file data35.cif (mmCIF, C-alpha atoms)
data_final
#
loop_
_atom_site.label_atom_id
_atom_site.label_comp_id
_atom_site.auth_asym_id
_atom_site.auth_seq_id
_atom_site.Cartn_x
_atom_site.Cartn_y
_atom_site.Cartn_z
CA MET A 1 -147.01 -4.50 34.90
CA SER A 2 -145.75 -5.05 31.37
CA ASN A 3 -144.37 -8.35 30.11
CA GLU A 4 -141.98 -6.50 27.78
CA ASP A 5 -138.50 -7.94 27.53
CA ALA A 6 -136.26 -5.02 28.59
CA PHE A 7 -133.38 -6.40 26.50
CA HIS A 8 -135.32 -6.58 23.23
CA GLN A 9 -137.03 -3.22 22.94
CA ARG A 10 -136.81 -1.38 19.67
CA LEU A 11 -134.78 1.73 18.84
CA HIS A 12 -136.63 4.87 17.79
CA HIS A 13 -135.65 7.05 14.84
CA VAL A 14 -136.85 10.66 14.89
CA ALA A 15 -136.19 12.29 11.52
CA SER A 16 -135.37 16.00 11.46
CA SER A 17 -138.58 16.55 9.52
CA ALA A 18 -140.55 15.02 12.42
CA LEU A 19 -139.38 17.40 15.17
CA SER A 20 -142.37 18.75 17.06
CA PRO A 21 -143.02 22.39 18.01
CA ASP A 22 -145.50 21.16 20.64
CA THR A 23 -143.25 21.91 23.60
CA ALA A 24 -142.78 24.72 26.12
CA GLN A 25 -141.63 27.99 24.55
CA THR A 26 -139.89 31.23 25.58
CA SER A 27 -140.14 34.51 23.70
CA GLY A 28 -137.33 35.17 21.21
CA MET A 29 -136.58 31.52 20.54
CA ARG A 30 -138.21 28.47 19.01
CA ARG A 31 -137.85 25.04 20.62
CA VAL A 32 -138.57 21.77 18.81
CA GLU A 33 -138.83 18.42 20.53
CA ALA A 34 -137.11 15.26 19.29
CA ILE A 35 -136.78 12.80 22.18
CA SER A 36 -139.42 12.90 24.94
CA GLY A 37 -142.13 10.92 26.62
CA ASN A 38 -144.52 12.14 23.93
CA THR A 39 -142.36 11.24 20.94
CA VAL A 40 -140.60 8.00 21.91
CA GLY A 41 -141.80 7.15 25.41
CA SER A 42 -138.61 8.20 27.21
CA ARG A 43 -138.90 8.30 30.99
CA ASN A 44 -135.89 10.33 32.11
CA LEU A 45 -134.69 12.27 29.09
CA TRP A 46 -135.78 15.17 26.90
CA MET A 47 -133.83 16.28 23.82
CA GLY A 48 -134.48 18.80 21.10
CA GLN A 49 -133.27 21.93 19.35
CA THR A 50 -133.48 25.63 20.03
CA HIS A 51 -133.39 28.21 17.26
CA VAL A 52 -132.68 31.89 17.94
CA ALA A 53 -133.13 34.25 15.00
CA ALA A 54 -130.47 36.76 13.98
CA ALA A 55 -130.12 39.79 16.28
CA THR A 56 -132.54 38.31 18.83
CA ALA A 57 -132.49 37.59 22.56
CA SER A 58 -134.75 35.13 24.31
CA GLY A 59 -136.77 35.94 27.38
CA ASN A 60 -135.29 35.07 30.76
CA HIS A 61 -136.17 31.55 31.92
CA HIS A 62 -135.04 28.50 33.88
CA HIS A 63 -135.71 24.77 33.70
CA GLY A 64 -136.79 23.98 37.26
CA ALA A 65 -135.21 20.86 38.74
CA SER A 66 -133.88 19.72 35.35
CA GLU A 67 -130.22 19.90 34.39
CA THR A 68 -129.67 21.08 30.81
CA ALA A 69 -126.80 20.30 28.44
CA ILE A 70 -126.42 22.44 25.32
CA TYR A 71 -124.36 21.72 22.19
CA VAL A 72 -123.83 24.59 19.75
CA VAL A 73 -124.51 23.44 16.18
CA LYS A 74 -124.66 26.71 14.23
CA GLY A 75 -123.91 30.36 14.92
CA ASN A 76 -122.33 32.09 17.89
CA PRO A 77 -125.00 32.32 20.57
CA SER A 78 -124.29 33.88 23.96
CA PHE A 79 -125.69 32.50 27.20
CA VAL A 80 -126.32 35.08 29.92
CA PHE A 81 -126.80 34.50 33.65
CA LEU A 82 -126.49 36.60 36.82
CA ASP A 83 -123.57 36.33 39.22
CA GLU A 84 -124.36 38.15 42.48
CA GLU A 85 -120.82 39.45 42.82
CA HIS A 86 -120.07 40.34 39.18
CA GLY A 87 -123.48 41.07 37.65
CA GLU A 88 -124.51 39.64 34.29
CA ILE A 89 -122.06 37.12 32.84
CA ARG A 90 -122.00 36.33 29.11
CA LEU A 91 -120.67 33.04 27.81
CA ASP A 92 -119.94 33.54 24.11
CA THR A 93 -119.87 30.30 22.11
CA LYS A 94 -119.08 28.85 18.70
CA PRO A 95 -120.09 25.63 16.92
CA GLY A 96 -118.80 22.59 18.77
CA ASP A 97 -118.97 24.23 22.22
CA TYR A 98 -121.03 22.88 25.12
CA ILE A 99 -122.86 24.70 27.92
CA TYR A 100 -124.13 23.18 31.19
CA VAL A 101 -127.09 24.86 32.89
CA PRO A 102 -127.64 23.71 36.50
CA PRO A 103 -131.19 23.33 37.82
CA TRP A 104 -133.11 26.52 38.67
CA VAL A 105 -130.53 28.93 37.16
CA PRO A 106 -132.28 31.78 35.31
CA HIS A 107 -130.61 32.53 31.98
CA ARG A 108 -131.26 33.70 28.44
CA GLU A 109 -129.87 32.99 25.01
CA GLU A 110 -128.78 35.84 22.76
CA ASN A 111 -127.82 35.74 19.10
CA PRO A 112 -125.78 38.87 18.33
CA ASP A 113 -125.22 37.88 14.69
CA PRO A 114 -127.17 40.37 12.53
CA GLU A 115 -127.71 37.89 9.67
CA ASN A 116 -127.61 34.25 10.78
CA GLU A 117 -129.78 32.07 13.00
CA ALA A 118 -128.18 30.23 15.95
CA VAL A 119 -129.08 26.56 16.46
CA VAL A 120 -128.29 24.43 19.50
CA VAL A 121 -129.16 20.89 20.57
CA ILE A 122 -130.46 20.63 24.14
CA SER A 123 -130.82 17.68 26.44
CA ARG A 124 -132.53 17.64 29.83
CA THR A 125 -132.64 15.20 32.72
CA THR A 126 -136.44 15.06 32.67
CA GLN A 127 -138.58 13.69 29.85
CA GLU A 128 -140.62 16.86 29.77
CA ALA A 129 -139.32 20.23 28.71
CA ILE A 130 -139.61 22.22 31.93
CA VAL A 131 -139.58 25.92 31.06
CA VAL A 132 -140.33 28.64 33.60
CA ASN A 133 -140.31 32.12 32.06
CA VAL A 134 -139.22 34.81 34.55
CA ASP A 135 -138.95 38.60 34.60
CA ASP A 136 -135.23 38.81 35.38
CA LEU A 137 -132.12 36.73 36.05
CA LYS A 138 -132.34 36.75 39.87
CA TRP A 139 -132.09 33.32 41.47
CA ILE A 140 -135.50 32.06 42.56
CA GLY A 141 -134.91 28.33 43.04
CA PRO A 142 -134.09 26.20 46.04
CA VAL A 143 -130.90 26.92 47.96
CA ALA A 144 -128.39 24.11 48.46
CA VAL A 145 -127.63 23.27 52.08
CA ALA A 146 -124.25 21.86 53.10
CA GLY A 147 -124.43 18.12 53.72
CA SER A 148 -127.57 17.53 51.68
#
call {"tool": "encode", "arguments": {"input": "data35.cif", "output": "structure tokens"}}
result
Amino acid sequence: MSNEDAFHQRLHHVASSALSPDTAQTSGMRRVEAISGNTVGSRNLWMGQTHVAAATASGNHHHGASETAIYVVKGNPSFVFLDEEHGEIRLDTKPGDYIYVPPWVPHREENPDPENEAVVVISRTTQEAIVVNVDDLKWIGPVAVAGS
């Protein structure tokens, strides 16, 4: 057990030049890690950036039990998921928009812009970047049960 004073711990500064590519990846995109257990010792939080090149789509993936919040910084990326009743749904975004990705939901990012990269900031409810690459957008996670 540590004798650290929980009220007098230091803040951590992660400069943009110090972002680490040593994190889970998906084809068609590049993730860089800023805040994690590896970089600052966080226990319940992961934060970083995702870059999607012009005219590129990522592979399909999900983030396991982790919730993901996305903030669009640059470009007009689209986020695609599968709705059983309506098929593939595209959420088209612009800078300043936010996206919430619930746990286990397969999705992909697409950048339809033929010339400009899309950049988003991502935050997850786990200190590791859970990334599970999948073949398609069909739901494969746990199923919620009423009352649980």
call {"tool": "resolve_selection", "arguments": {"input": "data35.cif", "expression": "the PyMOL selection byres ((chain A and resi 43-50) around 6)", "output": "PDB file with C-alpha atoms, in the frame of the given file"}}
result
ATOM      1  CA  ARG A  30    -138.210  28.470  19.010  1.00  0.00           C
ATOM      2  CA  ARG A  31    -137.850  25.040  20.620  1.00  0.00           C
ATOM      3  CA  VAL A  32    -138.570  21.770  18.810  1.00  0.00           C
ATOM      4  CA  GLU A  33    -138.830  18.420  20.530  1.00  0.00           C
ATOM      5  CA  ALA A  34    -137.110  15.260  19.290  1.00  0.00           C
ATOM      6  CA  ILE A  35    -136.780  12.800  22.180  1.00  0.00           C
ATOM      7  CA  SER A  36    -139.420  12.900  24.940  1.00  0.00           C
ATOM      8  CA  SER A  42    -138.610   8.200  27.210  1.00  0.00           C
ATOM      9  CA  HIS A  51    -133.390  28.210  17.260  1.00  0.00           C
ATOM     10  CA  VAL A 119    -129.080  26.560  16.460  1.00  0.00           C
ATOM     11  CA  VAL A 120    -128.290  24.430  19.500  1.00  0.00           C
ATOM     12  CA  VAL A 121    -129.160  20.890  20.570  1.00  0.00           C
ATOM     13  CA  ILE A 122    -130.460  20.630  24.140  1.00  0.00           C
ATOM     14  CA  SER A 123    -130.820  17.680  26.440  1.00  0.00           C
ATOM     15  CA  ARG A 124    -132.530  17.640  29.830  1.00  0.00           C
ATOM     16  CA  THR A 125    -132.640  15.200  32.720  1.00  0.00           C
ATOM     17  CA  THR A 126    -136.440  15.060  32.670  1.00  0.00           C
ATOM     18  CA  GLN A 127    -138.580  13.690  29.850  1.00  0.00           C
ATOM     19  CA  GLU A 128    -140.620  16.860  29.770  1.00  0.00           C
TER      20      GLU A 128
END
call {"tool": "closest_residue", "arguments": {"input": "data35.cif", "among": "A:Pro103, A:Gly37, A:Gly87, A:Pro112", "to": "Val52 (chain A)", "atoms": "only C-alpha atoms"}}
result
A:Pro112
call {"tool": "resolve_selection", "arguments": {"input": "data35.cif", "expression": "the PyMOL selection byres ((chain A and resi 26) around 9)", "output": "mmCIF file with C-alpha atoms, keeping the file's coordinate frame"}}
result
data_model
loop_
_atom_site.group_PDB
_atom_site.id
_atom_site.type_symbol
_atom_site.label_atom_id
_atom_site.label_comp_id
_atom_site.auth_asym_id
_atom_site.auth_seq_id
_atom_site.Cartn_x
_atom_site.Cartn_y
_atom_site.Cartn_z
ATOM 1 C CA ALA A 24 -142.780 24.720 26.120
ATOM 2 C CA GLN A 25 -141.630 27.990 24.550
ATOM 3 C CA SER A 27 -140.140 34.510 23.700
ATOM 4 C CA GLY A 28 -137.330 35.170 21.210
ATOM 5 C CA MET A 29 -136.580 31.520 20.540
ATOM 6 C CA ARG A 30 -138.210 28.470 19.010
ATOM 7 C CA ARG A 31 -137.850 25.040 20.620
ATOM 8 C CA SER A 58 -134.750 35.130 24.310
ATOM 9 C CA GLY A 59 -136.770 35.940 27.380
ATOM 10 C CA ASN A 60 -135.290 35.070 30.760
ATOM 11 C CA HIS A 61 -136.170 31.550 31.920
ATOM 12 C CA VAL A 131 -139.580 25.920 31.060
ATOM 13 C CA VAL A 132 -140.330 28.640 33.600
ATOM 14 C CA ASN A 133 -140.310 32.120 32.060
#
call {"tool": "closest_residue", "arguments": {"input": "data35.cif", "among": "A:Ala129, A:Ala65, A:Ile140, A:Ile89", "to": "Pro21 (chain A)", "atoms": "all atoms listed in the file"}}
result
A:Ala129
call {"tool": "residues_around", "arguments": {"input": "data35.cif", "residues": "His12 (chain A)", "least_positions_apart": "3", "cutoff": "10 Å", "atoms": "all atoms listed in the file", "output": "ChimeraX atom specification"}}
result
/A:9,15,35,39-41
call {"tool": "closest_residue", "arguments": {"input": "data35.cif", "among": "A:Asp83, A:Thr93, A:Ala18, A:Gly64", "to": "Val134 (chain A)", "atoms": "all atoms listed in the file"}}
result
A:Gly64
